[in-house]
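A.B. asks: This is the structure I have questions about; it appears just below.
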Amino acid sequence: MKVLLLTPYSPLIHHDHAANDLASPLVQALAPLMDLHVYAPSQQNGLLRSWQVEGVTYHAGSPVKRTQLERVGRYPFAARGSWSRQSTREAAALVQWLQPDILHAEYAQAFEPLQLCAGRTRTSITLHDLPGEIVIQPRSEMSYIRRWLQQLERAKFERMKNDMKCNIDGLIVFSERDRDKISSSRGIVEVASVGLNPTTGRWQGDRRHVAVFGGALWRSENEATAIYLAREVIPLVRQHLPDAELRIFGARPTAAVKELDADAGVTVVGEVDDYDDELQRASVTLAPAMVDAGILMKAIRAMAMGCPVVLNSASASPIAGLDPGVHALVGDNPSELAAHIVLLMQDREQARRLGQASMGLVRERFSWERTVEVYCRVFDQLLRART
């Protein structure tokens, strides 16, 4: 079986977000099972058009260049940040040359070439995030222009989602909640567990009364979460524990996130060399979600190391098997979240029990072996349907 995998995030390139935990391990797990070809923008090896690494054939892609004029286009502007029209042209040319049995895309950004090839090639896509409504809105209001642009982007993503449901042969999602969102799809819809390679590190919690929030801080969702935690949750925590601190870490913090460093009890660390060290040393990891979309890698990564985690319903419900109060504490407003944080900061034994239970859950349910089983099942079904 020949599979051409399109991804905005090359497994050969270091990224400043969760794709680092997913892109390379996925390709490594799929490679022994098929003739795997990978195309990604900015994926280059000198002047070579194609080259092989550990049984995978990689194809060169041009760097992405995005202009503000693309805000008026049909394709979501956010997607154009990692997938250009040139990317689509190059991917389409590869399809014509390789004649793959399956054309598969990782992430919604790479949907455009699938739409072009639908009907001529069996197509599938893994939707790491399905856009949803904001479930927490910080008090700091967005400007009218930014709000309008956000609504326009949502409308474009909604149209993209509908096109996927109508035109793509197979869709893979990471939670039952996301499956429900595309239940009317004409194609096969399967739920895969998120692959995870657990580290050997374990929770230490030696930073007393320190809560951490980490992520790609240039993303609007993480920016909004950081503001929400710093301005609405941590002040309530500090009413009970005056020395409590929120450490915010991650790549490329926005100006709005950097401003939080001036708030009492908030430290904006920015990018760190060791993501896991921040999680392991904190008293508690915070991972609420601002939108009802996808599984947060920051949550299951921390849980896999036995870190006590505080979530909200939006981030907890996609995690299969999670029992609130057993594997994580779950709250949906500032006072609930603050109470959970105070409890875990004060009761180390409760924090340890919570972390141990969550580590067992994640390590049992989230593995690359389980993930690729679903991918192969979808690909096999698509090939059988063609014959």
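To be explicit about the labels: the chains of the structure tokens are called A, B, and onward in the order shown, and within each one the residues are counted from 1, while ligands get numbers from 1 in the order they are shown.
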For the strand (DSSP E or B) assignment from backbone DSSP, which residues of segment 321-374 of chain A qualify? Please present them as number ranges by chain.
C.D. replies: A: 324, 328-330
A.B. asks: How would the residues just chosen look if you wrote them out with C-alpha atoms as a PDB file, in the first residue's frame?
C.D. replies:
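The file below, selection23.pdb, is the result:
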```pdb
ATOM      1  CA  PRO A 324     -13.134  13.676  37.495  1.00  0.00           C
ATOM      2  CA  ALA A 328      -7.887  15.056  37.482  1.00  0.00           C
ATOM      3  CA  LEU A 329      -9.779  17.815  39.238  1.00  0.00           C
ATOM      4  CA  VAL A 330     -12.268  19.541  36.957  1.00  0.00           C
TER       5      VAL A 330
END
```
A.B. asks: Identify, on the basis of only C-alpha atoms, every residue whose closest approach to Pro32 of chain A does not exceed 9 Å; exclude the query and any residue fewer than 4 positions from it along the same chain; express the result as an mmCIF file with C-alpha atoms, in the first residue's frame.
C.D. replies:
```
data_model
loop_
_atom_site.group_PDB
_atom_site.id
_atom_site.type_symbol
_atom_site.label_atom_id
_atom_site.label_comp_id
_atom_site.auth_asym_id
_atom_site.auth_seq_id
_atom_site.Cartn_x
_atom_site.Cartn_y
_atom_site.Cartn_z
ATOM 1 C CA GLN A 28 8.026 6.152 12.547
ATOM 2 C CA LEU A 36 5.097 5.803 3.124
ATOM 3 C CA GLY A 55 12.358 3.680 5.198
ATOM 4 C CA VAL A 56 10.310 6.846 4.626
#
```
A.B. asks: Which residues are close to Ile102 of chain A, i.e. within 6 Å by only C-alpha atoms, leaving aside same-chain residues fewer than 3 positions away? Reply as a list in words.
C.D. replies: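 With the cut-off at 6 Å, the set is Val3, Arg122 and Thr123 of chain A.
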A.B. asks: With segment 373-382 of chain A as the partner and 8 Å as the cut-off, tabulate the residues of segment 160-251 of chain A that qualify, each row holding the nearest pair of atoms and their distance in Å to one decimal, using only C-alpha atoms, sorted by chain and rising number, as CSV.
C.D. replies:
```
residue,atom,partner,partner_atom,distance
A:Asp169,CA,A:Leu382,CA,7.1
A:Gly170,CA,A:Val378,CA,6.6
A:Ile172,CA,A:Tyr375,CA,7.7
A:Ile188,CA,A:Val378,CA,7.3
A:Glu190,CA,A:Val374,CA,7.1
A:Val191,CA,A:Val374,CA,7.4
A:Ala192,CA,A:Val374,CA,5.8
```
A.B. asks: Restricting the calculation to only C-alpha atoms, which member of A:Asp263, A:Glu112, A:Asp274, A:Glu106 is positioned closest to Gln86 of chain A?
C.D. replies: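 That would be A:Glu112, the residue with the smallest distance to Gln86 of chain A.
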A.B. asks: Tell me which of A:His128, A:Arg89, A:Lys2, A:His14 sits closest to Asp35 of chain A, counting only C-alpha atoms.
C.D. replies: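 Of all the options, A:Lys2 lies closest to Asp35 of chain A.
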A.B. asks: With distances taken over only C-alpha atoms, which of A:Cys307, A:Val194, A:Met290, A:Arg146 is nearest to Leu22 of chain A?
C.D. replies: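 Looking at the shortest contact to Leu22 of chain A, the residue is A:Val194.
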A.B. asks: Give the answer as one residue: which of A:Arg252, A:Ser184, A:Arg177, A:Asp292 has the shortest atom-to-atom distance to His15 of chain A, using only C-alpha atoms?
C.D. replies: A:Arg252
A.B. asks: DSSP on the backbone, then: every residue of segment 308-370 of chain A marked alpha helix (DSSP H), written as a ChimeraX atom specification.
C.D. replies: /A:313-316,334-346,348-365,368-370
A.B. asks: So which one's closest to Phe174 of chain A, A:Gly250, A:Gly195, A:Gly270, A:Pro100? Using only C-alpha atoms, please.
C.D. replies: A:Gly195
A.B. asks: In Å, with one decimal, what is the gap from atom CA of Val38 of chain A to atom CA of Ala18 of chain A?
C.D. replies: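 Computing it gives 18.7 Å between the two atoms.
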A.B. asks: Give me, as a PyMOL selection string, all polymer residues having an atom no more than 6 Å from Ala244 of chain A, counting only C-alpha atoms and skipping those fewer than 4 positions away in the same chain.
C.D. replies: chain A and resi 209-210+238
A.B. asks: Would you mind exporting the chosen residues as a short mmCIF file (atom, residue, chain, number, x, y, z; two decimals), in the first residue's frame, restricted to C-alpha atoms?
C.D. replies:
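Now in result_17.cif:
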```cif
data_model
loop_
_atom_site.label_atom_id
_atom_site.label_comp_id
_atom_site.auth_asym_id
_atom_site.auth_seq_id
_atom_site.Cartn_x
_atom_site.Cartn_y
_atom_site.Cartn_z
CA HIS A 209 2.64 26.67 45.74
CA VAL A 210 3.59 26.96 42.06
CA ARG A 238 -3.73 34.07 46.39
#
```
A.B. asks: For Lys298 of chain A, work out the shell of residues within 12 Å, counting only C-alpha atoms and skipping chain neighbours fewer than 4 positions away, then give it as a ChimeraX atom specification.
C.D. replies: /A:17-19,21,196,212-216,222,249-250,275-276,278-279,285-289,294,302-305,307,309-311,315-316
A.B. asks: Let me see the file: selected residues, C-alpha atoms, as a PDB file, in the first residue's frame.
C.D. replies:
```pdb
ATOM      1  CA  HIS A  17       4.158  23.581  19.439  1.00  0.00           C
ATOM      2  CA  ALA A  18       2.673  20.123  20.039  1.00  0.00           C
ATOM      3  CA  ALA A  19       3.484  18.832  16.533  1.00  0.00           C
ATOM      4  CA  ASP A  21       5.236  15.206  20.004  1.00  0.00           C
ATOM      5  CA  LEU A 196       2.269   9.192  23.322  1.00  0.00           C
ATOM      6  CA  VAL A 212       2.164  26.060  35.670  1.00  0.00           C
ATOM      7  CA  PHE A 213       0.492  26.648  32.350  1.00  0.00           C
ATOM      8  CA  GLY A 214       2.470  25.852  29.211  1.00  0.00           C
ATOM      9  CA  GLY A 215       1.917  25.853  25.477  1.00  0.00           C
ATOM     10  CA  ALA A 216       2.578  27.643  22.226  1.00  0.00           C
ATOM     11  CA  ASN A 222      -3.311  29.677  24.720  1.00  0.00           C
ATOM     12  CA  PHE A 249       5.921  29.080  29.740  1.00  0.00           C
ATOM     13  CA  GLY A 250       6.083  28.336  26.038  1.00  0.00           C
ATOM     14  CA  TYR A 275       9.167  21.437  29.000  1.00  0.00           C
ATOM     15  CA  ASP A 276       8.880  18.355  31.217  1.00  0.00           C
ATOM     16  CA  GLU A 278       8.425  22.707  34.374  1.00  0.00           C
ATOM     17  CA  LEU A 279       5.583  20.179  34.693  1.00  0.00           C
ATOM     18  CA  THR A 285      -0.381  21.688  36.155  1.00  0.00           C
ATOM     19  CA  LEU A 286      -3.236  23.759  34.737  1.00  0.00           C
ATOM     20  CA  ALA A 287      -4.716  22.735  31.387  1.00  0.00           C
ATOM     21  CA  PRO A 288      -8.206  24.136  30.845  1.00  0.00           C
ATOM     22  CA  ALA A 289      -9.307  24.579  27.215  1.00  0.00           C
ATOM     23  CA  GLY A 294      -9.332  18.252  20.556  1.00  0.00           C
ATOM     24  CA  ALA A 302       1.662  15.947  32.366  1.00  0.00           C
ATOM     25  CA  MET A 303      -0.653  13.119  33.412  1.00  0.00           C
ATOM     26  CA  ALA A 304       1.722  10.526  31.904  1.00  0.00           C
ATOM     27  CA  MET A 305       4.427  11.746  34.321  1.00  0.00           C
ATOM     28  CA  CYS A 307       1.651  15.318  37.643  1.00  0.00           C
ATOM     29  CA  VAL A 309      -3.652  18.245  36.782  1.00  0.00           C
ATOM     30  CA  VAL A 310      -6.561  20.702  36.937  1.00  0.00           C
ATOM     31  CA  LEU A 311      -8.804  20.767  33.856  1.00  0.00           C
ATOM     32  CA  SER A 315     -10.332  19.688  28.210  1.00  0.00           C
ATOM     33  CA  ALA A 316     -11.405  16.727  30.367  1.00  0.00           C
TER      34      ALA A 316
END
```
A.B. asks: Quick check, in Å to one decimal: how far apart do atom CA of Arg384 of chain A and atom CA of Thr121 of chain A lie?
C.D. replies: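 Between atom CA of Arg384 of chain A and atom CA of Thr121 of chain A the gap is 13.2 Å.
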A.B. asks: Determine, counting only C-alpha atoms, which protein, DNA and RNA residues have an atom within 12 Å of an atom of Ile234 of chain A; residues of the same chain fewer than 2 positions away are not included. Present the result as a short mmCIF file (atom, residue, chain, number, x, y, z; two decimals) with C-alpha atoms, in the first residue's frame.
C.D. replies:
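Heads up, here's the output in around.cif:
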```cif
data_model
loop_
_atom_site.label_atom_id
_atom_site.label_comp_id
_atom_site.auth_asym_id
_atom_site.auth_seq_id
_atom_site.Cartn_x
_atom_site.Cartn_y
_atom_site.Cartn_z
CA HIS A 209 2.64 26.67 45.74
CA VAL A 210 3.59 26.96 42.06
CA ALA A 211 1.06 26.24 39.30
CA VAL A 212 2.16 26.06 35.67
CA PHE A 213 0.49 26.65 32.35
CA ALA A 226 -3.08 32.46 30.07
CA ILE A 227 -4.97 35.73 30.53
CA TYR A 228 -7.93 33.94 32.09
CA LEU A 229 -5.78 32.04 34.60
CA ALA A 230 -3.64 35.06 35.50
CA ARG A 231 -6.42 37.62 35.82
CA GLU A 232 -9.40 35.59 37.08
CA LEU A 236 -8.60 33.88 44.03
CA VAL A 237 -5.89 31.35 44.82
CA ARG A 238 -3.73 34.07 46.39
CA GLN A 239 -6.55 35.04 48.73
CA HIS A 240 -5.91 31.68 50.46
CA LEU A 241 -2.21 31.26 49.64
CA PRO A 242 -0.58 34.71 49.30
CA ASP A 243 2.69 33.22 48.02
CA ALA A 244 1.02 31.19 45.24
CA GLU A 245 2.58 31.69 41.80
CA LEU A 246 1.52 30.99 38.23
CA ARG A 247 4.39 30.23 35.85
CA ILE A 248 3.47 30.65 32.17
CA LEU A 260 0.89 39.40 32.59
CA ASP A 263 0.66 40.95 37.68
CA ALA A 264 1.11 39.86 41.29
CA GLY A 265 1.95 36.18 41.52
CA VAL A 266 2.47 35.71 37.75
CA THR A 267 5.77 34.92 36.05
CA LEU A 286 -3.24 23.76 34.74
CA PRO A 334 -12.73 30.71 38.39
CA SER A 335 -13.83 29.83 41.91
CA GLU A 336 -13.96 26.08 41.19
CA LEU A 337 -10.58 26.11 39.49
CA ALA A 338 -9.05 28.17 42.30
CA ALA A 339 -10.42 25.80 44.96
CA HIS A 340 -8.90 22.81 43.15
CA ILE A 341 -5.54 24.55 42.86
CA VAL A 342 -5.49 25.47 46.56
#
```
A.B. asks: Using only C-alpha atoms, which protein or nucleic acid residues come within 12 Å of Leu94 of chain A? Drop anything in the same chain fewer than 2 positions from it, and give the result as a list in words.
C.D. replies: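 Answer for this query is Val3, Leu4, Leu5, Leu6, His37, Val38, Tyr39, Ala40, Arg49, Ser50, Tyr58, His59, Ala60, Gly61, Ser87, Thr88, Arg89, Glu90, Ala91, Ala92, Gln96, Trp97, Leu98, Gln99, Pro100, Leu103, Pro113 and Cys117 of chain A.
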